[in-house]
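Structure below is coords_35.csv: CSV, C-alpha atoms.
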```csv
chain,number,residue,atom,x,y,z
A,1,MET,CA,102.6,-223.3,-163.4
A,2,SER,CA,99.1,-221.9,-163.2
A,3,ARG,CA,97.8,-220.2,-160.1
A,4,SER,CA,95.4,-222.0,-157.9
A,5,PRO,CA,91.8,-220.8,-158.1
A,6,ALA,CA,91.9,-220.0,-154.3
A,7,ALA,CA,94.6,-217.4,-154.9
A,8,ARG,CA,92.7,-215.4,-157.5
A,9,PRO,CA,90.0,-213.9,-155.2
A,10,ALA,CA,92.6,-212.8,-152.7
A,11,ARG,CA,94.6,-211.0,-155.5
A,12,LYS,CA,91.4,-209.5,-156.7
A,13,GLY,CA,90.6,-208.3,-153.2
A,14,ARG,CA,94.0,-206.7,-152.7
A,15,GLY,CA,93.6,-205.0,-156.1
A,16,GLY,CA,90.3,-203.6,-155.1
A,17,LEU,CA,91.7,-202.2,-151.9
A,18,ALA,CA,94.7,-200.8,-153.8
A,19,ARG,CA,92.4,-198.9,-156.1
A,20,LEU,CA,91.1,-197.0,-153.1
A,21,GLY,CA,94.6,-195.5,-152.7
A,22,PRO,CA,95.1,-193.6,-149.4
A,23,LEU,CA,91.4,-193.3,-148.8
A,24,PRO,CA,91.3,-196.0,-146.1
A,25,TRP,CA,94.0,-194.2,-144.2
A,26,ILE,CA,92.8,-190.6,-144.5
A,27,GLY,CA,89.1,-191.6,-144.4
A,28,PRO,CA,88.7,-191.3,-140.6
A,29,ALA,CA,90.5,-187.9,-140.6
A,30,VAL,CA,88.2,-186.7,-143.4
A,31,LEU,CA,85.1,-187.9,-141.5
A,32,LEU,CA,86.3,-186.2,-138.4
A,33,ILE,CA,86.8,-182.9,-140.2
A,34,VAL,CA,83.3,-183.2,-141.8
A,35,LEU,CA,81.7,-183.8,-138.4
A,36,VAL,CA,83.7,-181.4,-136.3
A,37,VAL,CA,84.2,-178.5,-138.8
A,38,LEU,CA,82.1,-178.7,-141.9
A,39,TRP,CA,78.8,-179.8,-140.3
A,40,PRO,CA,78.9,-177.0,-137.6
A,41,VAL,CA,79.6,-174.4,-140.3
A,42,TYR,CA,76.7,-175.7,-142.4
A,43,GLU,CA,74.4,-175.5,-139.3
A,44,MET,CA,75.7,-172.0,-138.5
A,45,VAL,CA,74.9,-170.7,-142.0
A,46,ARG,CA,71.5,-172.4,-142.1
A,47,THR,CA,70.6,-171.0,-138.7
A,48,SER,CA,71.4,-167.5,-139.8
A,49,PHE,CA,68.6,-167.6,-142.3
A,50,LEU,CA,65.9,-168.8,-139.9
A,51,LYS,CA,63.5,-167.2,-137.4
A,52,ILE,CA,64.2,-169.0,-134.1
A,53,SER,CA,62.3,-168.2,-130.9
A,54,SER,CA,64.1,-167.7,-127.6
A,55,SER,CA,63.0,-171.2,-126.6
A,56,GLY,CA,64.7,-172.7,-129.7
A,57,PHE,CA,61.7,-173.3,-132.0
A,58,VAL,CA,62.0,-172.5,-135.7
A,59,ARG,CA,59.4,-170.1,-136.9
A,60,GLY,CA,60.2,-170.1,-140.5
A,61,SER,CA,62.7,-168.5,-142.9
A,62,ALA,CA,64.1,-165.1,-142.2
A,63,GLY,CA,66.0,-164.6,-145.5
A,64,PHE,CA,68.7,-161.9,-145.0
A,65,ASP,CA,66.8,-160.1,-142.2
A,66,LYS,CA,69.1,-161.4,-139.5
A,67,TYR,CA,72.1,-160.0,-141.4
A,68,ALA,CA,70.3,-156.6,-141.9
A,69,GLN,CA,69.5,-156.5,-138.2
A,70,MET,CA,73.1,-157.4,-137.3
A,71,LEU,CA,74.4,-154.5,-139.4
A,72,ASP,CA,71.8,-152.1,-137.8
A,73,GLU,CA,73.2,-152.9,-134.3
A,74,PRO,CA,74.3,-149.6,-132.8
A,75,SER,CA,77.3,-151.2,-131.0
A,76,LEU,CA,78.6,-153.0,-134.1
A,77,PRO,CA,81.0,-150.3,-135.4
A,78,SER,CA,82.7,-149.8,-132.1
A,79,VAL,CA,82.9,-153.6,-131.6
A,80,VAL,CA,84.6,-154.1,-135.0
A,81,LEU,CA,87.0,-151.3,-134.3
A,82,SER,CA,87.8,-152.8,-130.9
A,83,THR,CA,88.4,-156.2,-132.5
A,84,VAL,CA,90.9,-154.7,-135.0
A,85,VAL,CA,92.8,-152.9,-132.3
A,86,TRP,CA,92.7,-155.9,-130.0
A,87,THR,CA,94.0,-158.3,-132.7
A,88,LEU,CA,96.8,-155.9,-133.9
A,89,VAL,CA,98.1,-155.0,-130.5
A,90,VAL,CA,98.0,-158.6,-129.0
A,91,VAL,CA,99.5,-160.3,-132.1
A,92,THR,CA,102.2,-157.7,-132.5
A,93,ALA,CA,103.1,-157.7,-128.8
A,94,THR,CA,103.1,-161.5,-128.7
A,95,MET,CA,105.4,-161.8,-131.7
A,96,VAL,CA,107.9,-159.2,-130.5
A,97,VAL,CA,108.1,-160.5,-127.0
A,98,SER,CA,108.2,-164.1,-128.2
A,99,LEU,CA,111.0,-163.3,-130.6
A,100,ALA,CA,113.1,-161.7,-127.8
A,101,LEU,CA,112.4,-164.7,-125.5
A,102,ALA,CA,113.2,-167.2,-128.2
A,103,GLN,CA,116.5,-165.4,-128.9
A,104,LEU,CA,117.3,-165.5,-125.2
A,105,PHE,CA,116.5,-169.2,-124.7
A,106,ASN,CA,118.6,-170.0,-127.7
A,107,GLN,CA,121.6,-168.8,-125.8
A,108,ARG,CA,123.4,-170.8,-123.1
A,109,PHE,CA,123.1,-169.4,-119.6
A,110,PRO,CA,122.7,-170.8,-116.0
A,111,GLY,CA,119.2,-171.9,-115.3
A,112,ARG,CA,118.1,-172.0,-119.0
A,113,ARG,CA,116.3,-175.3,-118.6
A,114,LEU,CA,114.4,-174.0,-115.5
A,115,THR,CA,113.3,-170.8,-117.3
A,116,ARG,CA,112.2,-172.8,-120.3
A,117,TRP,CA,110.0,-175.0,-118.1
A,118,ALA,CA,108.6,-171.9,-116.3
A,119,LEU,CA,107.5,-170.5,-119.6
A,120,ILE,CA,105.3,-173.6,-120.2
A,121,ALA,CA,103.2,-172.8,-117.1
A,122,PRO,CA,100.8,-170.3,-118.8
A,123,TRP,CA,100.4,-172.8,-121.7
A,124,ALA,CA,99.7,-175.8,-119.3
A,125,ALA,CA,97.1,-173.9,-117.3
A,126,SER,CA,93.6,-173.4,-118.6
A,127,VAL,CA,93.1,-170.0,-120.3
A,128,VAL,CA,89.9,-169.6,-118.3
A,129,MET,CA,91.7,-170.3,-115.1
A,130,THR,CA,94.4,-167.8,-115.9
A,131,ALA,CA,91.9,-165.1,-116.8
A,132,ILE,CA,89.9,-165.7,-113.6
A,133,GLY,CA,93.1,-165.5,-111.6
A,134,PHE,CA,93.9,-162.1,-113.0
A,135,LYS,CA,90.2,-161.0,-112.5
A,136,TRP,CA,90.5,-161.8,-108.8
A,137,MET,CA,93.8,-160.0,-108.6
A,138,LEU,CA,92.2,-156.9,-110.2
A,139,ASP,CA,89.0,-157.1,-108.1
A,140,GLN,CA,88.0,-153.7,-106.8
A,141,THR,CA,87.3,-154.7,-103.2
A,142,ALA,CA,89.5,-157.7,-102.5
A,143,GLY,CA,92.1,-157.7,-105.3
A,144,VAL,CA,95.7,-157.9,-104.4
A,145,LEU,CA,96.7,-155.1,-106.8
A,146,ASN,CA,94.4,-152.5,-105.2
A,147,THR,CA,95.5,-153.6,-101.7
A,148,LEU,CA,99.2,-153.3,-102.7
A,149,MET,CA,98.8,-149.9,-104.5
A,150,THR,CA,96.7,-148.5,-101.7
A,151,ASP,CA,99.2,-149.5,-99.0
A,152,LEU,CA,102.0,-148.0,-101.1
A,153,GLY,CA,100.0,-144.8,-101.5
A,154,LEU,CA,100.0,-145.1,-105.3
A,155,VAL,CA,96.2,-144.7,-105.5
A,156,ASP,CA,93.8,-142.8,-103.2
A,157,GLY,CA,91.3,-145.7,-103.1
A,158,PRO,CA,90.4,-149.0,-104.8
A,159,GLU,CA,90.2,-148.8,-108.6
A,160,ASP,CA,87.6,-150.6,-110.7
A,161,TRP,CA,90.2,-151.9,-113.2
A,162,LEU,CA,87.8,-154.1,-115.2
A,163,GLY,CA,84.8,-151.8,-114.9
A,164,ASP,CA,86.3,-149.0,-117.0
A,165,PRO,CA,87.1,-149.9,-120.6
A,166,SER,CA,90.1,-147.6,-120.6
A,167,THR,CA,91.8,-149.8,-118.1
A,168,ALA,CA,90.1,-153.1,-118.8
A,169,TRP,CA,91.4,-153.3,-122.4
A,170,PRO,CA,95.1,-153.0,-121.5
A,171,TRP,CA,94.7,-155.6,-118.7
A,172,MET,CA,92.9,-158.0,-121.0
A,173,MET,CA,95.5,-157.5,-123.7
A,174,PHE,CA,98.2,-158.2,-121.2
A,175,VAL,CA,96.6,-161.5,-120.2
A,176,ALA,CA,96.0,-162.4,-123.9
A,177,VAL,CA,99.7,-161.9,-124.6
A,178,PHE,CA,100.7,-163.8,-121.4
A,179,VAL,CA,98.8,-166.9,-122.5
A,180,SER,CA,100.0,-166.7,-126.1
A,181,LEU,CA,103.7,-166.4,-125.3
A,182,PRO,CA,104.6,-170.1,-124.7
A,183,PHE,CA,103.4,-171.5,-128.0
A,184,THR,CA,104.8,-168.6,-130.0
A,185,THR,CA,108.1,-168.6,-128.2
A,186,TYR,CA,108.7,-172.3,-128.6
A,187,THR,CA,107.7,-172.1,-132.3
A,188,LEU,CA,110.3,-169.4,-132.9
A,189,LEU,CA,112.8,-171.2,-130.8
A,190,ALA,CA,112.4,-174.3,-132.9
A,191,GLY,CA,113.0,-172.2,-136.0
A,192,LEU,CA,116.2,-170.6,-134.5
A,193,GLN,CA,117.6,-174.0,-133.7
A,194,THR,CA,117.3,-175.2,-137.3
A,195,ILE,CA,119.7,-172.4,-138.5
A,196,PRO,CA,123.1,-174.0,-139.0
A,197,ALA,CA,125.9,-172.6,-136.8
A,198,GLU,CA,128.2,-172.7,-139.8
A,199,ILE,CA,126.3,-169.8,-141.3
A,200,TYR,CA,127.0,-167.6,-138.3
A,201,GLU,CA,130.6,-168.6,-138.3
A,202,ALA,CA,130.9,-167.6,-142.0
A,203,ALA,CA,129.3,-164.3,-141.2
A,204,ARG,CA,131.8,-163.6,-138.4
A,205,VAL,CA,134.6,-164.4,-140.8
A,206,ASP,CA,133.2,-161.9,-143.3
A,207,GLY,CA,133.2,-159.2,-140.6
A,208,THR,CA,129.4,-158.9,-140.4
A,209,THR,CA,128.2,-157.1,-137.3
A,210,THR,CA,125.7,-158.7,-134.8
A,211,TRP,CA,122.8,-156.5,-136.0
A,212,GLN,CA,123.6,-157.1,-139.7
A,213,THR,CA,123.7,-160.9,-139.0
A,214,TYR,CA,120.3,-160.7,-137.3
A,215,LEU,CA,118.7,-158.8,-140.1
A,216,ARG,CA,120.3,-160.5,-143.1
A,217,ILE,CA,120.6,-164.1,-141.8
A,218,THR,CA,118.5,-164.8,-138.7
A,219,LEU,CA,115.2,-163.2,-139.7
A,220,PRO,CA,115.1,-164.4,-143.3
A,221,LEU,CA,115.9,-168.0,-142.2
A,222,LEU,CA,113.3,-167.7,-139.4
A,223,ARG,CA,110.6,-166.6,-141.9
A,224,PRO,CA,108.7,-170.0,-141.9
A,225,ALA,CA,108.5,-170.1,-138.1
A,226,LEU,CA,107.4,-166.4,-138.0
A,227,LEU,CA,104.6,-167.1,-140.5
A,228,VAL,CA,103.4,-170.1,-138.5
A,229,GLY,CA,103.4,-168.1,-135.3
A,230,MET,CA,101.7,-165.1,-136.9
A,231,VAL,CA,98.9,-167.1,-138.6
A,232,ILE,CA,98.1,-169.2,-135.5
A,233,ASN,CA,98.1,-166.0,-133.4
A,234,LEU,CA,95.9,-164.1,-135.8
A,235,ILE,CA,93.3,-166.9,-135.7
A,236,ASN,CA,93.4,-167.4,-132.0
A,237,VAL,CA,93.4,-163.8,-131.0
A,238,PHE,CA,90.7,-162.8,-133.4
A,239,ASN,CA,88.5,-165.6,-132.1
A,240,SER,CA,89.6,-165.1,-128.5
A,241,PHE,CA,86.7,-165.6,-126.2
A,242,PRO,CA,87.8,-167.1,-122.8
A,243,VAL,CA,90.0,-164.1,-121.7
A,244,ILE,CA,87.4,-161.4,-122.4
A,245,TRP,CA,84.4,-163.3,-121.3
A,246,SER,CA,86.0,-164.5,-118.0
A,247,MET,CA,87.3,-161.0,-117.1
A,248,THR,CA,84.5,-158.6,-118.2
A,249,ARG,CA,81.9,-160.6,-120.2
A,250,GLY,CA,82.2,-157.8,-122.8
A,251,GLY,CA,80.7,-155.2,-120.5
A,252,PRO,CA,79.7,-152.7,-119.5
A,253,ASP,CA,77.2,-153.2,-122.4
A,254,SER,CA,79.5,-154.1,-125.3
A,255,ASP,CA,82.3,-151.7,-124.5
A,256,THR,CA,84.9,-154.4,-124.0
A,257,ALA,CA,83.6,-156.9,-126.5
A,258,THR,CA,85.2,-158.2,-129.7
A,259,THR,CA,83.0,-159.6,-132.5
A,260,THR,CA,83.3,-163.1,-131.0
A,261,VAL,CA,82.0,-161.9,-127.6
A,262,PHE,CA,79.4,-159.7,-129.2
A,263,MET,CA,78.1,-162.8,-131.1
A,264,TYR,CA,77.7,-164.6,-127.8
A,265,GLN,CA,75.9,-161.5,-126.3
A,266,LEU,CA,73.4,-161.5,-129.3
A,267,LYS,CA,72.6,-165.2,-128.5
A,268,ASN,CA,70.6,-164.1,-125.5
A,269,SER,CA,68.2,-161.9,-127.6
A,270,ASP,CA,68.2,-163.5,-131.1
A,271,ILE,CA,69.8,-166.8,-132.0
A,272,GLY,CA,69.5,-166.2,-135.7
A,273,GLN,CA,71.2,-162.8,-135.4
A,274,SER,CA,74.0,-164.4,-133.4
A,275,ALA,CA,74.4,-167.0,-136.1
A,276,ALA,CA,74.6,-164.2,-138.7
A,277,MET,CA,77.4,-162.7,-136.6
A,278,SER,CA,79.1,-166.1,-136.5
A,279,VAL,CA,79.1,-166.3,-140.3
A,280,ALA,CA,80.5,-162.8,-140.5
A,281,ASN,CA,83.3,-163.7,-138.1
A,282,PHE,CA,84.1,-166.9,-140.1
A,283,VAL,CA,84.3,-164.9,-143.4
A,284,LEU,CA,86.4,-162.2,-141.7
A,285,VAL,CA,89.0,-164.6,-140.2
A,286,VAL,CA,89.3,-166.5,-143.5
A,287,ALA,CA,89.7,-163.3,-145.5
A,288,MET,CA,92.2,-161.9,-142.9
A,289,VAL,CA,94.4,-165.0,-143.0
A,290,ALA,CA,94.2,-165.2,-146.8
A,291,LEU,CA,95.3,-161.6,-147.2
A,292,PHE,CA,98.1,-162.0,-144.7
A,293,LEU,CA,99.4,-165.1,-146.5
A,294,LYS,CA,99.2,-163.3,-149.8
A,295,ALA,CA,101.0,-160.3,-148.5
A,296,ALA,CA,103.7,-162.5,-146.9
A,297,ARG,CA,104.0,-164.6,-150.1
A,298,TRP,CA,104.2,-167.7,-147.9
A,299,ASN,CA,104.4,-170.1,-150.8
A,300,GLN,CA,107.2,-168.3,-152.7
A,301,GLU,CA,110.9,-169.0,-152.3
A,302,GLU,CA,113.2,-166.2,-151.3
A,303,ASN,CA,115.3,-164.8,-154.1
```

Kindly transcribe the structure held in the file into structure tokens.
Amino acid sequence: MSRSPAARPARKGRGGLARLGPLPWIGPAVLLIVLVVLWPVYEMVRTSFLKISSSGFVRGSAGFDKYAQMLDEPSLPSVVLSTVVWTLVVVTATMVVSLALAQLFNQRFPGRRLTRWALIAPWAASVVMTAIGFKWMLDQTAGVLNTLMTDLGLVDGPEDWLGDPSTAWPWMMFVAVFVSLPFTTYTLLAGLQTIPAEIYEAARVDGTTTWQTYLRITLPLLRPALLVGMVINLINVFNSFPVIWSMTRGGPDSDTATTTVFMYQLKNSDIGQSAAMSVANFVLVVAMVALFLKAARWNQEEN
């Protein structure tokens, strides 16, 4: 029996939609990525080649002058060095402490559920709010830390903890680790809970010590979670802005600034130069993550 003529257009329409494949489903996500990620990157790169007045008017092309001016900034070498140290210290400390906490929370002990909920608090709170809270605590005149240490006779007088780079950096690193712990700990905890208990039972039967079990079983099987936590932390810490800006604004001068904060400082004097610094930051973070993934051989199976 032949098909009715009315059914043919409907079939043709379904065939046309089928030829699009998954595009109707991923289209909105692709559009969102273009608008939120690719378009700002394009504008950032375009701006770095323009002469823009302080009032925001474009005065013509600047070529590579803004990049040359950025490289001539006297503070740039120290800012780059500070960024490297900041990233290495914060990421390493976060991963080590989170690994210990994840191992602890993977054990059964009284109050485990309460402590797990408590760990979420720094994650649930705004990073800016947390940084400002620590800034108030460290305030030279009214900060609770100075009051407590003075009353206990530990210091002769109030200390300007955030006014001196030698003390400001450790405190900002502490805050950065503090706000990074919840996500990293729960990522590693999720990885630990995917390891079958039968493997540990077999290791005990074979007479493997606790330390050998941890090195030869736990860490290798935890590798995917470790990679995820490391990559996310590398990106977040390298691009960290709220902690430093809320606590010191990168000052005095640029003594407590990373490249991201330094980029924002340049905005006040030269928008094009700030955009050039943004492009440099973007290239650096992409290169850093790519090198890390290559060194970690993330897409290769263990032998």

Residue with smallest distance to Leu293 (chain A) - pool A:Tyr264, A:Trp117, A:Ile244, A:Val231, counting all atoms listed in the file: A:Val231

In Å, how far is it from CA of Lys51 (chain A) to CA of Met277 (chain A)?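 Between CA of Lys51 (chain A) and CA of Met277 (chain A) the gap is 14.6 Å.
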
Please report as CSV every residue of region 4-92 of chain A lying within 8 Å of region 246-257 of chain A, along with the nearest atom pair and their distance in Å (one decimal), using only C-alpha atoms.
```
residue,atom,partner,partner_atom,distance
A:Ser75,CA,A:Ser254,CA,6.8
A:Ser78,CA,A:Asp255,CA,7.8
A:Val79,CA,A:Ala257,CA,6.1
A:Ser82,CA,A:Ala257,CA,7.3
A:Thr83,CA,A:Ala257,CA,7.7
```

So that each row is one residue of region 126-225 of chain A with an atom at most 10 Å from region 106-112 of chain A, can you give its shortest atom pair and the distance in Å to one decimal, using only C-alpha atoms, rows by chain and rising number, as a Markdown table?
```
| residue | atom | partner | partner_atom | distance |
| --- | --- | --- | --- | --- |
| A:Leu188 | CA | A:Asn106 | CA | 9.8 |
| A:Leu189 | CA | A:Asn106 | CA | 6.7 |
| A:Ala190 | CA | A:Asn106 | CA | 9.2 |
| A:Leu192 | CA | A:Asn106 | CA | 7.2 |
| A:Gln193 | CA | A:Asn106 | CA | 7.3 |
```

Rounded to one decimal, what separation in Å do you get between CA of Val58 (chain A) and CA of Ser274 (chain A)?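 CA of Ser274 (chain A) lies at a distance of 14.7 Å from CA of Val58 (chain A).
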
Nearest candidate to Tyr42 (chain A) (options A:Arg297, A:Gly207, A:Thr184, A:Val279; using only C-alpha atoms):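 Ranking A:Arg297, A:Gly207, A:Thr184, A:Val279 by distance to Tyr42 (chain A), first place goes to A:Val279.
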
Hey, which of A:Thr94, A:Thr141, A:Ser269, A:Thr258 ends up closest to Leu181 (chain A)? Count all atoms listed in the file.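 Closest to Leu181 (chain A) of all the choices is A:Thr94.
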
Find the distance between CA of Asp164 (chain A) and CA of Leu145 (chain A) and write it in Å to one decimal. 15.8 Å

Pick from A:Ala121, A:Leu114, A:Leu284, A:Ile195 nearest to Val84 (chain A), counting all atoms listed in the file: A:Leu284

Reconstruct N, CA and C atoms of region 35-71 of chain A; output as a PDB file, keeping the file's coordinate frame.
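Listing of selection03.pdb after writing:
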```pdb
ATOM      1  N   LEU A  35      82.559-183.888-139.550  1.00  0.00           N
ATOM      2  CA  LEU A  35      81.700-183.800-138.400  1.00  0.00           C
ATOM      3  C   LEU A  35      81.991-182.671-137.449  1.00  0.00           C
ATOM      4  N   VAL A  36      83.265-182.356-137.296  1.00  0.00           N
ATOM      5  CA  VAL A  36      83.700-181.400-136.300  1.00  0.00           C
ATOM      6  C   VAL A  36      83.738-179.948-136.906  1.00  0.00           C
ATOM      7  N   VAL A  37      84.031-179.842-138.212  1.00  0.00           N
ATOM      8  CA  VAL A  37      84.200-178.500-138.800  1.00  0.00           C
ATOM      9  C   VAL A  37      83.107-178.191-139.821  1.00  0.00           C
ATOM     10  N   LEU A  38      82.957-179.007-140.845  1.00  0.00           N
ATOM     11  CA  LEU A  38      82.100-178.700-141.900  1.00  0.00           C
ATOM     12  C   LEU A  38      80.577-178.684-141.517  1.00  0.00           C
ATOM     13  N   TRP A  39      80.199-179.695-140.739  1.00  0.00           N
ATOM     14  CA  TRP A  39      78.800-179.800-140.300  1.00  0.00           C
ATOM     15  C   TRP A  39      78.406-178.590-139.428  1.00  0.00           C
ATOM     16  N   PRO A  40      79.200-178.203-138.410  1.00  0.00           N
ATOM     17  CA  PRO A  40      78.900-177.000-137.600  1.00  0.00           C
ATOM     18  C   PRO A  40      78.785-175.736-138.480  1.00  0.00           C
ATOM     19  N   VAL A  41      79.690-175.618-139.469  1.00  0.00           N
ATOM     20  CA  VAL A  41      79.600-174.400-140.300  1.00  0.00           C
ATOM     21  C   VAL A  41      78.341-174.426-141.138  1.00  0.00           C
ATOM     22  N   TYR A  42      77.944-175.582-141.664  1.00  0.00           N
ATOM     23  CA  TYR A  42      76.700-175.700-142.400  1.00  0.00           C
ATOM     24  C   TYR A  42      75.496-175.280-141.494  1.00  0.00           C
ATOM     25  N   GLU A  43      75.469-175.809-140.275  1.00  0.00           N
ATOM     26  CA  GLU A  43      74.400-175.500-139.300  1.00  0.00           C
ATOM     27  C   GLU A  43      74.388-174.015-138.974  1.00  0.00           C
ATOM     28  N   MET A  44      75.572-173.439-138.834  1.00  0.00           N
ATOM     29  CA  MET A  44      75.700-172.000-138.500  1.00  0.00           C
ATOM     30  C   MET A  44      75.101-171.161-139.619  1.00  0.00           C
ATOM     31  N   VAL A  45      75.461-171.479-140.862  1.00  0.00           N
ATOM     32  CA  VAL A  45      74.900-170.700-142.000  1.00  0.00           C
ATOM     33  C   VAL A  45      73.426-170.903-142.117  1.00  0.00           C
ATOM     34  N   ARG A  46      72.953-172.132-141.968  1.00  0.00           N
ATOM     35  CA  ARG A  46      71.500-172.400-142.100  1.00  0.00           C
ATOM     36  C   ARG A  46      70.725-171.670-141.009  1.00  0.00           C
ATOM     37  N   THR A  47      71.249-171.650-139.793  1.00  0.00           N
ATOM     38  CA  THR A  47      70.600-171.000-138.700  1.00  0.00           C
ATOM     39  C   THR A  47      70.448-169.485-138.907  1.00  0.00           C
ATOM     40  N   SER A  48      71.442-168.906-139.590  1.00  0.00           N
ATOM     41  CA  SER A  48      71.400-167.500-139.800  1.00  0.00           C
ATOM     42  C   SER A  48      70.296-167.018-140.744  1.00  0.00           C
ATOM     43  N   PHE A  49      69.666-167.958-141.433  1.00  0.00           N
ATOM     44  CA  PHE A  49      68.600-167.600-142.300  1.00  0.00           C
ATOM     45  C   PHE A  49      67.202-168.066-141.770  1.00  0.00           C
ATOM     46  N   LEU A  50      67.162-168.359-140.475  1.00  0.00           N
ATOM     47  CA  LEU A  50      65.900-168.800-139.900  1.00  0.00           C
ATOM     48  C   LEU A  50      65.440-167.884-138.778  1.00  0.00           C
ATOM     49  N   LYS A  51      64.129-167.898-138.573  1.00  0.00           N
ATOM     50  CA  LYS A  51      63.500-167.200-137.400  1.00  0.00           C
ATOM     51  C   LYS A  51      63.426-168.260-136.296  1.00  0.00           C
ATOM     52  N   ILE A  52      64.148-168.023-135.204  1.00  0.00           N
ATOM     53  CA  ILE A  52      64.200-169.000-134.100  1.00  0.00           C
ATOM     54  C   ILE A  52      63.748-168.251-132.831  1.00  0.00           C
ATOM     55  N   SER A  53      62.787-168.819-132.123  1.00  0.00           N
ATOM     56  CA  SER A  53      62.300-168.200-130.900  1.00  0.00           C
ATOM     57  C   SER A  53      63.352-168.377-129.785  1.00  0.00           C
ATOM     58  N   SER A  54      63.160-167.639-128.694  1.00  0.00           N
ATOM     59  CA  SER A  54      64.100-167.700-127.600  1.00  0.00           C
ATOM     60  C   SER A  54      64.117-169.098-126.940  1.00  0.00           C
ATOM     61  N   SER A  55      63.019-169.858-127.136  1.00  0.00           N
ATOM     62  CA  SER A  55      63.000-171.200-126.600  1.00  0.00           C
ATOM     63  C   SER A  55      63.542-172.251-127.558  1.00  0.00           C
ATOM     64  N   GLY A  56      63.977-171.804-128.774  1.00  0.00           N
ATOM     65  CA  GLY A  56      64.700-172.700-129.700  1.00  0.00           C
ATOM     66  C   GLY A  56      63.807-173.268-130.797  1.00  0.00           C
ATOM     67  N   PHE A  57      62.548-172.822-130.921  1.00  0.00           N
ATOM     68  CA  PHE A  57      61.700-173.300-132.000  1.00  0.00           C
ATOM     69  C   PHE A  57      61.832-172.522-133.244  1.00  0.00           C
ATOM     70  N   VAL A  58      61.912-173.213-134.391  1.00  0.00           N
ATOM     71  CA  VAL A  58      62.000-172.500-135.700  1.00  0.00           C
ATOM     72  C   VAL A  58      60.685-172.036-136.129  1.00  0.00           C
ATOM     73  N   ARG A  59      60.621-170.735-136.454  1.00  0.00           N
ATOM     74  CA  ARG A  59      59.400-170.100-136.900  1.00  0.00           C
ATOM     75  C   ARG A  59      59.308-169.809-138.348  1.00  0.00           C
ATOM     76  N   GLY A  60      60.237-170.358-139.105  1.00  0.00           N
ATOM     77  CA  GLY A  60      60.200-170.100-140.500  1.00  0.00           C
ATOM     78  C   GLY A  60      61.489-169.470-141.034  1.00  0.00           C
ATOM     79  N   SER A  61      61.489-169.160-142.321  1.00  0.00           N
ATOM     80  CA  SER A  61      62.700-168.500-142.900  1.00  0.00           C
ATOM     81  C   SER A  61      62.702-167.043-142.637  1.00  0.00           C
ATOM     82  N   ALA A  62      63.915-166.534-142.453  1.00  0.00           N
ATOM     83  CA  ALA A  62      64.100-165.100-142.200  1.00  0.00           C
ATOM     84  C   ALA A  62      64.803-164.408-143.352  1.00  0.00           C
ATOM     85  N   GLY A  63      65.229-165.174-144.363  1.00  0.00           N
ATOM     86  CA  GLY A  63      66.000-164.600-145.500  1.00  0.00           C
ATOM     87  C   GLY A  63      67.237-163.908-144.971  1.00  0.00           C
ATOM     88  N   PHE A  64      67.469-162.687-145.453  1.00  0.00           N
ATOM     89  CA  PHE A  64      68.700-161.900-145.000  1.00  0.00           C
ATOM     90  C   PHE A  64      68.328-160.948-143.917  1.00  0.00           C
ATOM     91  N   ASP A  65      67.160-161.099-143.280  1.00  0.00           N
ATOM     92  CA  ASP A  65      66.800-160.100-142.200  1.00  0.00           C
ATOM     93  C   ASP A  65      67.726-160.127-141.073  1.00  0.00           C
ATOM     94  N   LYS A  66      68.238-161.302-140.687  1.00  0.00           N
ATOM     95  CA  LYS A  66      69.100-161.400-139.500  1.00  0.00           C
ATOM     96  C   LYS A  66      70.449-160.631-139.820  1.00  0.00           C
ATOM     97  N   TYR A  67      70.904-160.697-141.067  1.00  0.00           N
ATOM     98  CA  TYR A  67      72.100-160.000-141.400  1.00  0.00           C
ATOM     99  C   TYR A  67      71.857-158.455-141.418  1.00  0.00           C
ATOM    100  N   ALA A  68      70.683-158.067-141.896  1.00  0.00           N
ATOM    101  CA  ALA A  68      70.300-156.600-141.900  1.00  0.00           C
ATOM    102  C   ALA A  68      70.220-156.136-140.442  1.00  0.00           C
ATOM    103  N   GLN A  69      69.608-156.931-139.565  1.00  0.00           N
ATOM    104  CA  GLN A  69      69.500-156.500-138.200  1.00  0.00           C
ATOM    105  C   GLN A  69      70.864-156.446-137.494  1.00  0.00           C
ATOM    106  N   MET A  70      71.733-157.380-137.848  1.00  0.00           N
ATOM    107  CA  MET A  70      73.100-157.400-137.300  1.00  0.00           C
ATOM    108  C   MET A  70      73.809-156.067-137.690  1.00  0.00           C
ATOM    109  N   LEU A  71      73.693-155.690-138.962  1.00  0.00           N
ATOM    110  CA  LEU A  71      74.400-154.500-139.400  1.00  0.00           C
ATOM    111  C   LEU A  71      73.764-153.213-138.838  1.00  0.00           C
TER     112      LEU A  71
END
```
